[in-house]
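These notes are about the structure you will find just below.
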Amino acid sequence: MAGRGDEGDVVYADIPYENTSQRGYGKGTFDKQAFVDWAQAQDFPVYVSEYTMPEGWVEIDSIDVTDRMHNKRQEKFAGWHGTRIRP
């Protein structure tokens, strides 16, 4: 279902990182593709933090992080709005 937000609305979605534990996100598994499809149907900007960005999303910034298992990764902040967000 596409959203019809008010002017100026913005969403930051704290989705589970791909290929990580999904504890704390409720029962079952998170359907990332369903989320991406939902986000891309909205008429307001949607932002996420993730290690791998959905195709077509614009990376706005990134930081190097170390996870609980001492693995070094690059966490990315990206957004989607219409066709693309300009960084």
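Ligands are numbered from 1 in the order shown, residues from 1 within each chain, and chains are lettered A, B, ... in the order they appear in the structure tokens.
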Mind checking which residues fall within 10 Å of range 59-72 of chain A, counting only C-alpha atoms, ignoring those fewer than 5 positions away in the same chain, and posting them as a VMD selection string? chain A and resid 47 to 54 77 to 80 85 to 87
Residue with smallest distance to Glu75 in chain A - pool A:Trp38, A:Glu7, A:Tyr17, A:Tyr12, counting only C-alpha atoms: A:Tyr17
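Considering only C-alpha atoms, the residue among A:Gln74, A:Gln42, A:Asp14, A:Gly56 positioned nearest to Phe30 in chain A is A:Asp14.
With CA of Ala41 in chain A on one side and CA of Trp57 in chain A on the other, the separation reads 13.0 Å.
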I want to know what sits within 10 Å of Lys32 in chain A, based on only C-alpha atoms, with residues of the same chain fewer than 3 positions away left out; could you give that as a VMD selection string? chain A and resid 15 to 18 29 35 to 38 54
